[in-house]
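Trainee: I'm passing along upload.pdb; it holds PDB, C-alpha atoms (C1' of nucleotides).
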```
ATOM      1  CA  MET A1005     135.010 116.628 131.565
ATOM      2  CA  PRO A1006     137.716 114.006 131.973
ATOM      3  CA  ARG A1007     137.232 110.654 130.303
ATOM      4  CA  SER A1008     136.076 108.215 132.945
ATOM      5  CA  ASP A1009     137.984 105.380 131.308
ATOM      6  CA  THR A1010     141.391 106.942 131.718
ATOM      7  CA  ARG A1011     141.474 106.067 135.407
ATOM      8  CA  SER A1012     143.913 103.385 136.457
ATOM      9  CA  ASP A1013     141.100 101.299 137.970
ATOM     10  CA  CYS A1014     139.047 101.091 134.777
ATOM     11  CA  ILE A1015     138.262  97.908 132.887
ATOM     12  CA  ASP A1016     136.776  97.142 129.480
ATOM     13  CA  LEU A1017     135.183  93.716 129.949
ATOM     14  CA  ARG A1018     134.386  93.114 126.308
ATOM     15  CA  ALA A1019     137.967  93.826 125.249
ATOM     16  CA  THR A1020     139.363  91.841 128.185
ATOM     17  CA  LEU A1021     137.212  88.759 127.630
ATOM     18  CA  ASP A1022     137.047  88.819 123.822
ATOM     19  CA  CYS A1023     140.659  89.590 122.900
ATOM     20  CA  GLY A1024     141.916  86.022 122.605
ATOM     21  CA  GLN A1025     143.482  85.468 126.019
ATOM     22  CA  VAL A1026     140.571  83.476 127.499
ATOM     23  CA  PHE A1027     137.916  81.490 125.654
ATOM     24  CA  HIS A1028     134.904  80.551 127.738
ATOM     25  CA  TRP A1029     133.267  83.780 129.002
ATOM     26  CA  ARG A1030     129.917  84.738 127.521
ATOM     27  CA  LYS A1031     127.845  87.889 127.496
ATOM     28  CA  ARG A1032     124.310  87.666 128.831
ATOM     29  CA  ALA A1033     121.226  89.449 127.593
ATOM     30  CA  ASP A1034     121.395  91.983 130.436
ATOM     31  CA  GLY A1035     124.930  92.969 129.423
ATOM     32  CA  SER A1036     126.715  91.147 132.251
ATOM     33  CA  TRP A1037     129.426  88.544 131.629
ATOM     34  CA  GLU A1038     129.352  84.978 132.957
ATOM     35  CA  GLY A1039     132.333  82.686 133.339
ATOM     36  CA  LEU A1040     134.256  80.372 135.600
ATOM     37  CA  ILE A1041     137.299  81.208 137.684
ATOM     38  CA  GLY A1042     138.725  77.769 138.217
ATOM     39  CA  GLU A1043     135.753  75.852 139.603
ATOM     40  CA  GLY A1044     133.935  78.960 140.807
ATOM     41  CA  HIS A1045     130.958  80.567 139.103
ATOM     42  CA  ALA A1046     131.444  84.276 138.424
ATOM     43  CA  VAL A1047     129.211  87.006 136.982
ATOM     44  CA  VAL A1048     130.489  90.543 136.439
ATOM     45  CA  ARG A1049     129.454  93.745 134.734
ATOM     46  CA  GLU A1050     130.780  97.219 134.131
ATOM     47  CA  ASP A1051     129.533 100.326 135.878
ATOM     48  CA  ASN A1052     131.113 103.423 134.379
ATOM     49  CA  SER A1053     134.215 101.383 133.430
ATOM     50  CA  ARG A1054     134.453  99.921 136.940
ATOM     51  CA  LEU A1055     134.205  96.233 137.743
ATOM     52  CA  VAL A1056     131.062  95.139 139.574
ATOM     53  CA  VAL A1057     131.006  91.589 140.959
ATOM     54  CA  LEU A1058     127.508  90.070 140.830
ATOM     55  CA  GLN A1059     128.538  86.486 141.573
ATOM     56  CA  GLY A1060     131.714  85.116 143.132
ATOM     57  CA  GLU A1061     134.028  86.095 145.956
ATOM     58  CA  PRO A1062     134.991  89.744 145.256
ATOM     59  CA  GLY A1063     138.633  89.433 146.305
ATOM     60  CA  LEU A1064     139.146  86.419 144.082
ATOM     61  CA  VAL A1065     137.339  87.998 141.147
ATOM     62  CA  ASN A1066     139.288  91.242 141.425
ATOM     63  CA  ARG A1067     142.520  89.260 141.481
ATOM     64  CA  TYR A1068     141.479  87.246 138.402
ATOM     65  CA  PHE A1069     140.784  90.442 136.482
ATOM     66  CA  ALA A1070     144.083  91.935 137.706
ATOM     67  CA  MET A1071     142.415  95.075 139.006
ATOM     68  CA  ASP A1072     145.668  95.794 140.852
ATOM     69  CA  HIS A1073     147.534  96.373 137.563
ATOM     70  CA  ASP A1074     148.323 100.092 137.298
ATOM     71  CA  LEU A1075     147.111 100.709 133.758
ATOM     72  CA  GLY A1076     148.104 104.370 133.846
ATOM     73  CA  GLY A1077     151.680 103.449 134.664
ATOM     74  CA  ILE A1078     151.696 100.662 132.099
ATOM     75  CA  TYR A1079     150.398 102.968 129.356
ATOM     76  CA  ALA A1080     153.030 105.555 130.250
ATOM     77  CA  GLY A1081     155.686 103.010 129.302
ATOM     78  CA  PHE A1082     154.242 102.267 125.848
ATOM     79  CA  PRO A1083     156.134 103.620 122.840
ATOM     80  CA  LYS A1084     154.488 106.768 121.486
ATOM     81  CA  ASP A1085     154.316 105.840 117.823
ATOM     82  CA  GLU A1086     151.102 106.098 115.820
ATOM     83  CA  THR A1087     150.417 102.365 115.643
ATOM     84  CA  MET A1088     150.723 101.894 119.390
ATOM     85  CA  LEU A1089     148.650 104.974 120.217
ATOM     86  CA  ALA A1090     145.846 103.796 117.917
ATOM     87  CA  ALA A1091     145.877 100.386 119.610
ATOM     88  CA  LEU A1092     145.828 102.007 123.051
ATOM     89  CA  ASP A1093     142.912 104.213 122.110
ATOM     90  CA  PHE A1094     140.999 101.156 120.890
ATOM     91  CA  CYS A1095     141.847  98.807 123.796
ATOM     92  CA  ARG A1096     141.960 101.113 126.820
ATOM     93  CA  GLY A1097     140.803  99.136 129.867
ATOM     94  CA  LEU A1098     141.846  95.741 128.469
ATOM     95  CA  ARG A1099     143.505  93.839 131.330
ATOM     96  CA  MET A1100     145.792  90.809 131.259
ATOM     97  CA  ILE A1101     143.859  88.450 133.520
ATOM     98  CA  ARG A1102     145.368  85.866 135.862
ATOM     99  CA  GLN A1103     144.292  82.516 134.440
ATOM    100  CA  PRO A1104     144.811  79.159 136.116
ATOM    101  CA  ALA A1105     148.111  77.976 134.635
ATOM    102  CA  TRP A1106     146.960  74.522 133.529
ATOM    103  CA  GLU A1107     143.833  75.821 131.803
ATOM    104  CA  CYS A1108     145.934  78.412 129.999
ATOM    105  CA  LEU A1109     148.633  75.937 128.989
ATOM    106  CA  ALA A1110     146.179  73.339 127.702
ATOM    107  CA  THR A1111     144.091  75.889 125.818
ATOM    108  CA  PHE A1112     147.077  77.344 123.987
ATOM    109  CA  ILE A1113     148.368  73.893 123.046
ATOM    110  CA  THR A1114     145.103  73.560 121.129
ATOM    111  CA  SER A1115     145.464  77.030 119.603
ATOM    112  CA  SER A1116     148.081  76.359 116.924
ATOM    113  CA  MET A1117     146.897  77.216 113.413
ATOM    114  CA  LYS A1118     143.382  77.896 114.688
ATOM    115  CA  GLN A1119     141.203  80.975 114.665
ATOM    116  CA  VAL A1120     140.020  82.404 117.983
ATOM    117  CA  ALA A1121     136.438  81.303 117.266
ATOM    118  CA  HIS A1122     137.521  77.716 116.858
ATOM    119  CA  ILE A1123     139.740  77.733 119.933
ATOM    120  CA  ARG A1124     136.622  78.697 121.852
ATOM    121  CA  GLN A1125     134.721  75.856 120.192
ATOM    122  CA  MET A1126     137.362  73.271 121.141
ATOM    123  CA  SER A1127     137.465  74.625 124.701
ATOM    124  CA  THR A1128     133.695  74.269 124.998
ATOM    125  CA  ALA A1129     133.788  70.717 123.647
ATOM    126  CA  LEU A1130     136.576  69.696 126.047
ATOM    127  CA  ARG A1131     134.727  71.220 129.001
ATOM    128  CA  ALA A1132     131.479  69.499 128.011
ATOM    129  CA  ARG A1133     133.114  66.098 127.564
ATOM    130  CA  PHE A1134     135.815  66.061 130.262
ATOM    131  CA  GLY A1135     135.035  68.938 132.639
ATOM    132  CA  SER A1136     132.872  69.000 135.751
ATOM    133  CA  ALA A1137     129.512  70.555 136.500
ATOM    134  CA  VAL A1138     129.536  73.767 138.540
ATOM    135  CA  ALA A1139     126.677  74.768 140.842
ATOM    136  CA  GLY A1140     124.518  77.632 139.612
ATOM    137  CA  THR A1141     125.460  77.503 135.932
ATOM    138  CA  ASP A1142     125.557  75.209 132.927
ATOM    139  CA  LEU A1143     129.175  76.229 132.284
ATOM    140  CA  ARG A1144     131.572  73.393 133.004
ATOM    141  CA  SER A1145     135.049  73.606 134.503
ATOM    142  CA  TYR A1146     138.152  73.071 132.365
ATOM    143  CA  PRO A1147     139.235  69.404 132.454
ATOM    144  CA  THR A1148     141.943  68.497 134.958
ATOM    145  CA  PRO A1149     145.300  67.120 133.776
ATOM    146  CA  ASP A1150     144.157  63.700 135.010
ATOM    147  CA  ALA A1151     140.947  63.853 133.006
ATOM    148  CA  LEU A1152     142.791  64.641 129.771
ATOM    149  CA  ALA A1153     145.666  62.261 130.521
ATOM    150  CA  SER A1154     143.279  59.337 130.790
ATOM    151  CA  ALA A1155     141.312  60.294 127.662
ATOM    152  CA  SER A1156     142.079  58.494 124.427
ATOM    153  CA  GLU A1157     143.493  60.363 121.466
ATOM    154  CA  ASP A1158     140.344  59.593 119.484
ATOM    155  CA  GLU A1159     138.159  61.055 122.219
ATOM    156  CA  LEU A1160     140.195  64.255 122.090
ATOM    157  CA  ARG A1161     140.022  64.338 118.303
ATOM    158  CA  ALA A1162     136.255  64.092 118.620
ATOM    159  CA  CYS A1163     136.436  67.524 120.299
ATOM    160  CA  GLY A1164     137.818  68.954 117.051
ATOM    161  CA  LEU A1165     141.488  68.964 118.078
ATOM    162  CA  GLY A1166     142.904  67.256 114.986
ATOM    163  CA  TYR A1167     146.652  66.644 115.213
ATOM    164  CA  ARG A1168     146.774  68.683 118.445
ATOM    165  CA  ALA A1169     145.119  65.824 120.356
ATOM    166  CA  LYS A1170     148.349  63.884 120.732
ATOM    167  CA  ASN A1171     150.215  66.887 122.143
ATOM    168  CA  LEU A1172     147.489  67.826 124.596
ATOM    169  CA  ARG A1173     147.282  64.255 125.853
ATOM    170  CA  ALA A1174     151.068  63.898 126.205
ATOM    171  CA  THR A1175     151.409  67.180 128.109
ATOM    172  CA  ALA A1176     148.446  66.298 130.333
ATOM    173  CA  GLN A1177     150.174  63.030 131.191
ATOM    174  CA  ARG A1178     153.393  64.810 132.155
ATOM    175  CA  VAL A1179     151.529  67.244 134.382
ATOM    176  CA  ALA A1180     149.290  64.569 135.887
ATOM    177  CA  SER A1181     152.255  62.329 136.710
ATOM    178  CA  GLY A1182     154.202  65.162 138.290
ATOM    179  CA  ALA A1183     156.989  64.916 135.716
ATOM    180  CA  ALA A1184     156.126  68.538 134.968
ATOM    181  CA  ASP A1185     155.107  70.710 137.938
ATOM    182  CA  LEU A1186     153.488  74.010 136.996
ATOM    183  CA  GLU A1187     153.554  75.312 140.579
ATOM    184  CA  THR A1188     157.286  74.756 140.874
ATOM    185  CA  MET A1189     157.732  76.576 137.569
ATOM    186  CA  ARG A1190     156.362  79.730 139.205
ATOM    187  CA  GLU A1191     159.679  80.127 140.998
ATOM    188  CA  LEU A1192     161.687  80.205 137.758
ATOM    189  CA  ASP A1193     162.907  83.376 136.119
ATOM    190  CA  ASP A1194     161.587  84.264 132.666
ATOM    191  CA  GLU A1195     164.191  82.486 130.594
ATOM    192  CA  ASN A1196     164.144  79.260 132.589
ATOM    193  CA  LEU A1197     160.345  79.248 132.683
ATOM    194  CA  ARG A1198     160.221  79.594 128.889
ATOM    195  CA  ASP A1199     162.691  76.735 128.503
ATOM    196  CA  ALA A1200     160.712  74.526 130.894
ATOM    197  CA  LEU A1201     157.445  75.192 129.063
ATOM    198  CA  CYS A1202     159.071  74.570 125.670
ATOM    199  CA  GLN A1203     159.991  71.049 126.777
ATOM    200  CA  LEU A1204     156.308  70.116 126.885
ATOM    201  CA  PRO A1205     154.793  68.491 123.768
ATOM    202  CA  GLY A1206     153.004  71.048 121.602
ATOM    203  CA  VAL A1207     154.670  74.024 123.270
ATOM    204  CA  GLY A1208     157.077  76.179 121.267
ATOM    205  CA  ARG A1209     158.201  79.768 121.739
ATOM    206  CA  LYS A1210     154.896  81.366 120.833
ATOM    207  CA  VAL A1211     152.702  79.174 123.024
ATOM    208  CA  ALA A1212     155.217  79.406 125.883
ATOM    209  CA  ASN A1213     155.064  83.197 125.737
ATOM    210  CA  CYS A1214     151.262  83.123 125.802
ATOM    211  CA  VAL A1215     151.291  80.866 128.856
ATOM    212  CA  MET A1216     153.858  83.084 130.563
ATOM    213  CA  LEU A1217     151.816  86.197 129.841
ATOM    214  CA  PHE A1218     148.330  84.875 130.609
ATOM    215  CA  GLY A1219     149.054  82.189 133.198
ATOM    216  CA  PHE A1220     152.263  83.204 134.979
ATOM    217  CA  GLU A1221     151.969  87.004 135.277
ATOM    218  CA  LYS A1222     155.028  87.519 133.084
ATOM    219  CA  LEU A1223     153.930  90.848 131.640
ATOM    220  CA  SER A1224     157.076  91.245 129.538
ATOM    221  CA  ALA A1225     156.447  88.056 127.543
ATOM    222  CA  PHE A1226     155.786  88.917 123.891
ATOM    223  CA  PRO A1227     154.060  86.199 121.822
ATOM    224  CA  VAL A1228     154.737  86.541 118.089
ATOM    225  CA  ASP A1229     151.949  85.004 116.010
ATOM    226  CA  THR A1230     150.953  85.601 112.402
ATOM    227  CA  TRP A1231     149.095  88.818 113.260
ATOM    228  CA  ILE A1232     151.918  90.312 115.311
ATOM    229  CA  ALA A1233     154.484  89.290 112.718
ATOM    230  CA  ARG A1234     152.402  91.116 110.095
ATOM    231  CA  ILE A1235     152.161  94.226 112.276
ATOM    232  CA  MET A1236     155.876  94.169 113.025
ATOM    233  CA  LYS A1237     156.702  93.810 109.353
ATOM    234  CA  ARG A1238     154.299  96.580 108.367
ATOM    235  CA  HIS A1239     154.969  99.143 111.087
ATOM    236  CA  TYR A1240     158.123  98.248 112.967
ATOM    237  CA  TRP A1241     160.320  96.226 110.694
ATOM    238  CA  ARG A1242     160.075  97.811 107.270
ATOM    239  CA  GLY A1243     162.985  97.177 104.939
ATOM    240  CA  ARG A1244     165.063  95.245 107.413
ATOM    241  CA  ALA A1245     166.116  91.631 107.203
ATOM    242  CA  LYS A1246     163.820  89.196 108.925
ATOM    243  CA  PRO A1247     165.220  88.435 112.365
ATOM    244  CA  THR A1248     165.021  85.101 114.114
ATOM    245  CA  PRO A1249     162.170  84.780 116.646
ATOM    246  CA  ALA A1250     164.588  85.054 119.577
ATOM    247  CA  ALA A1251     166.337  88.118 118.154
ATOM    248  CA  LEU A1252     162.980  89.663 117.362
ATOM    249  CA  GLU A1253     161.786  89.164 120.933
ATOM    250  CA  LYS A1254     164.938  90.738 122.337
ATOM    251  CA  LYS A1255     164.571  93.853 120.201
ATOM    252  CA  LEU A1256     160.873  94.042 120.955
ATOM    253  CA  ALA A1257     161.555  93.798 124.675
ATOM    254  CA  ALA A1258     163.886  96.762 124.363
ATOM    255  CA  ARG A1259     161.304  98.755 122.417
ATOM    256  CA  PHE A1260     158.198  97.879 124.406
ATOM    257  CA  GLY A1261     159.671  97.610 127.883
ATOM    258  CA  PRO A1262     158.737  95.614 131.003
ATOM    259  CA  HIS A1263     155.048  95.511 130.045
ATOM    260  CA  ALA A1264     155.685  94.440 126.455
ATOM    261  CA  GLY A1265     153.034  91.741 126.785
ATOM    262  CA  TYR A1266     150.374  94.384 127.401
ATOM    263  CA  ALA A1267     151.512  96.308 124.328
ATOM    264  CA  GLN A1268     151.519  93.120 122.289
ATOM    265  CA  GLN A1269     147.958  92.236 123.278
ATOM    266  CA  TYR A1270     146.732  95.743 122.467
ATOM    267  CA  LEU A1271     148.350  95.594 119.019
ATOM    268  CA  PHE A1272     146.911  92.115 118.430
ATOM    269  CA  HIS A1273     143.366  92.932 119.517
ATOM    270  CA  HIS A1274     143.260  96.218 117.638
ATOM    271  CA  ALA A1275     144.528  94.706 114.390
ATOM    272  CA  ARG A1276     142.283  91.666 114.555
ATOM    273  CA  SER A1277     139.172  93.660 115.449
ATOM    274  CA  THR A1278     139.557  96.274 112.747
ATOM    275  CA  GLU A1279     140.477  93.638 110.163
ATOM    276  CA  ARG A1280     137.371  91.624 111.020
ATOM    277  CA  ARG A1281     135.190  94.684 110.725
ATOM    278  CA  ARG A1282     136.547  95.404 107.286
ATOM    279  CA  HIS A1283     135.330  92.027 106.089
ATOM    280  CA  ARG A1284     131.653  92.743 106.798
TER     281      ARG A1284
ATOM    282  C1'  DC B1483     137.381  75.910  95.675
ATOM    283  C1'  DG B1484     141.477  78.089  97.743
ATOM    284  C1'  DC B1485     143.281  80.387 101.456
ATOM    285  C1'  DC B1486     144.241  81.259 106.178
ATOM    286  C1'  DA B1487     144.121  80.545 111.125
ATOM    287  C1'  DG B1488     147.289  83.382 118.221
ATOM    288  C1'  DG B1489     152.483  76.868 115.399
ATOM    289  C1'  DG B1490     155.213  72.772 116.573
ATOM    290  C1'  DT B1491     158.218  69.354 115.017
ATOM    291  C1'  DC B1492     161.036  66.832 112.032
ATOM    292  C1'  DT B1493     164.135  66.568 108.092
ATOM    293  C1'  DC B1494     167.539  68.102 105.062
ATOM    294  C1'  DG B1495     171.081  71.099 103.279
TER     295       DG B1495
ATOM    296  C1'  DC C 677     171.630  77.346 112.146
ATOM    297  C1'  DG C 678     167.524  78.103 108.465
ATOM    298  C1'  DA C 679     164.113  76.808 105.186
ATOM    299  C1'  DG C 680     160.363  73.524 103.966
ATOM    300  C1'  DA C 681     157.038  69.775 104.565
ATOM    301  C1'  DC C 682     153.578  68.096 107.172
ATOM    302  C1'  DC C 683     150.132  67.967 110.395
ATOM    303  C1'  DA C 684     143.567  68.362 110.917
ATOM    304  C1'  DT C 685     139.843  71.278 110.905
ATOM    305  C1'  DG C 686     136.644  75.031 110.132
ATOM    306  C1'  DG C 687     135.334  79.753 108.478
ATOM    307  C1'  DC C 688     134.987  82.611 104.816
TER     308       DC C 688
END
```
As structure tokens - that is how I would like this structure written.
Mentor:
Amino acid sequence: MPRSDTRSDCIDLRATLDCGQVFHWRKRADGSWEGLIGEGHAVVREDNSRLVVLQGEPGLVNRYFAMDHDLGGIYAGFPKDETMLAALDFCRGLRMIRQPAWECLATFITSSMKQVAHIRQMSTALRARFGSAVAGTDLRSYPTPDALASASEDELRACGLGYRAKNLRATAQRVASGAADLETMRELDDENLRDALCQLPGVGRKVANCVMLFGFEKLSAFPVDTWIARIMKRHYWRGRAKPTPAALEKKLAARFGPHAGYAQQYLFHHARSTERRRHR
DNA sequence: CGCCAGGGTCTCG
DNA sequence: CGAGACCATGGC
């Protein structure tokens, strides 16, 4: 009997929503997942690895969860080494969702030197304090650029942001004023988009790559954080001199191909999940 | 208590 | 360039 989750239209909601690409979805007692897609309330569940939309406009929800991504084709392009195959086996059905660009950018500005659990906590606090109510749920929308631009630094620090408050506020002001236009950035090629994002306060190479991957559908973007650097050193970079981040990305792009971002997220989620388990 | 967390930025050699 | 200091906060 063929595994049902090897189909190209499968999805693993827990892996997708709990892998560190998005930070506000929650699992309900009945096993369904509740979240917001922009300002819209959405509830979804799995049925035999297929996506079932319980709340929200189906076309919009399917687009958010990137159900059009051909996972079979993407997996076929992964390198066949042991580390990658173990990650694939663990993460099969994890999809790179299409997040609203501003929400993604702002969230990852707050992510530096923070654990995933605390990024979620800051996101919740920002939504509660500066977001808007949404009909049918107590979840609140992510604050607009205007809302964060007009907040004081102390108010942002009260949401647990620490030194990141200044950067989030400054970037929100640039976006709110139109000095930075995220929609126009969609027309840029990868390299120019990365450069444009890196000009924003609090955005360096790593955060820019996350925003490209999660918010701009740039599936080749390869964020290198502490976990990925550890994996690369352990499994892909043994004995060799430490390359610069840019050189590392170039070599990784060659190794992992046009969907390198997918491979990266699978390696990240697998390593982090198994490491966490070992601590219990 | 010490260490680490999906880093960015500035300074100094 | 490249390495190091510093930045806040919370979990373990």
Trainee: Considering all atoms listed in the file, extract the chain B residues located within 7 Å of chain A and return them as an MDAnalysis selection string.
Mentor: chainID B and resid 1487:1490
Trainee: Using CA of Val1056 in chain A and CA of Leu1017 in chain A as the two end points, give the distance in Å to one decimal.
Mentor: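 These atoms are spaced 10.6 Å apart.
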Trainee: Please identify every residue of chain A that has at least one atom no more than 8 Å from any atom of chain C, counting all atoms listed in the file, and report them as a count of residues only.
Mentor: 5
Trainee: Please indicate the distance in Å from CA of Val1057 in chain A to CA of Gly1039 in chain A, rounded to one decimal place.
Mentor: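 Separation of CA of Val1057 in chain A and CA of Gly1039 in chain A: 11.8 Å.
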Trainee: Quick one: distance from CA of Leu1217 in chain A to CA of Asn1052 in chain A in Å, one decimal?
Mentor: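 Separation of CA of Leu1217 in chain A and CA of Asn1052 in chain A: 27.3 Å.
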Trainee: Taking the file above as input, evaluate the PyMOL selection byres ((chain A and resi 1105) around 9) and report the hits as an mmCIF file with C-alpha atoms, in the coordinates of the input.
Mentor:
```
data_model
loop_
_atom_site.group_PDB
_atom_site.id
_atom_site.type_symbol
_atom_site.label_atom_id
_atom_site.label_comp_id
_atom_site.auth_asym_id
_atom_site.auth_seq_id
_atom_site.Cartn_x
_atom_site.Cartn_y
_atom_site.Cartn_z
ATOM 1 C CA ARG A 1102 145.368 85.866 135.862
ATOM 2 C CA GLN A 1103 144.292 82.516 134.440
ATOM 3 C CA PRO A 1104 144.811 79.159 136.116
ATOM 4 C CA TRP A 1106 146.960 74.522 133.529
ATOM 5 C CA GLU A 1107 143.833 75.821 131.803
ATOM 6 C CA CYS A 1108 145.934 78.412 129.999
ATOM 7 C CA LEU A 1109 148.633 75.937 128.989
ATOM 8 C CA ALA A 1110 146.179 73.339 127.702
ATOM 9 C CA LEU A 1186 153.488 74.010 136.996
ATOM 10 C CA GLU A 1187 153.554 75.312 140.579
ATOM 11 C CA VAL A 1215 151.291 80.866 128.856
ATOM 12 C CA MET A 1216 153.858 83.084 130.563
ATOM 13 C CA PHE A 1218 148.330 84.875 130.609
ATOM 14 C CA GLY A 1219 149.054 82.189 133.198
ATOM 15 C CA PHE A 1220 152.263 83.204 134.979
#
```
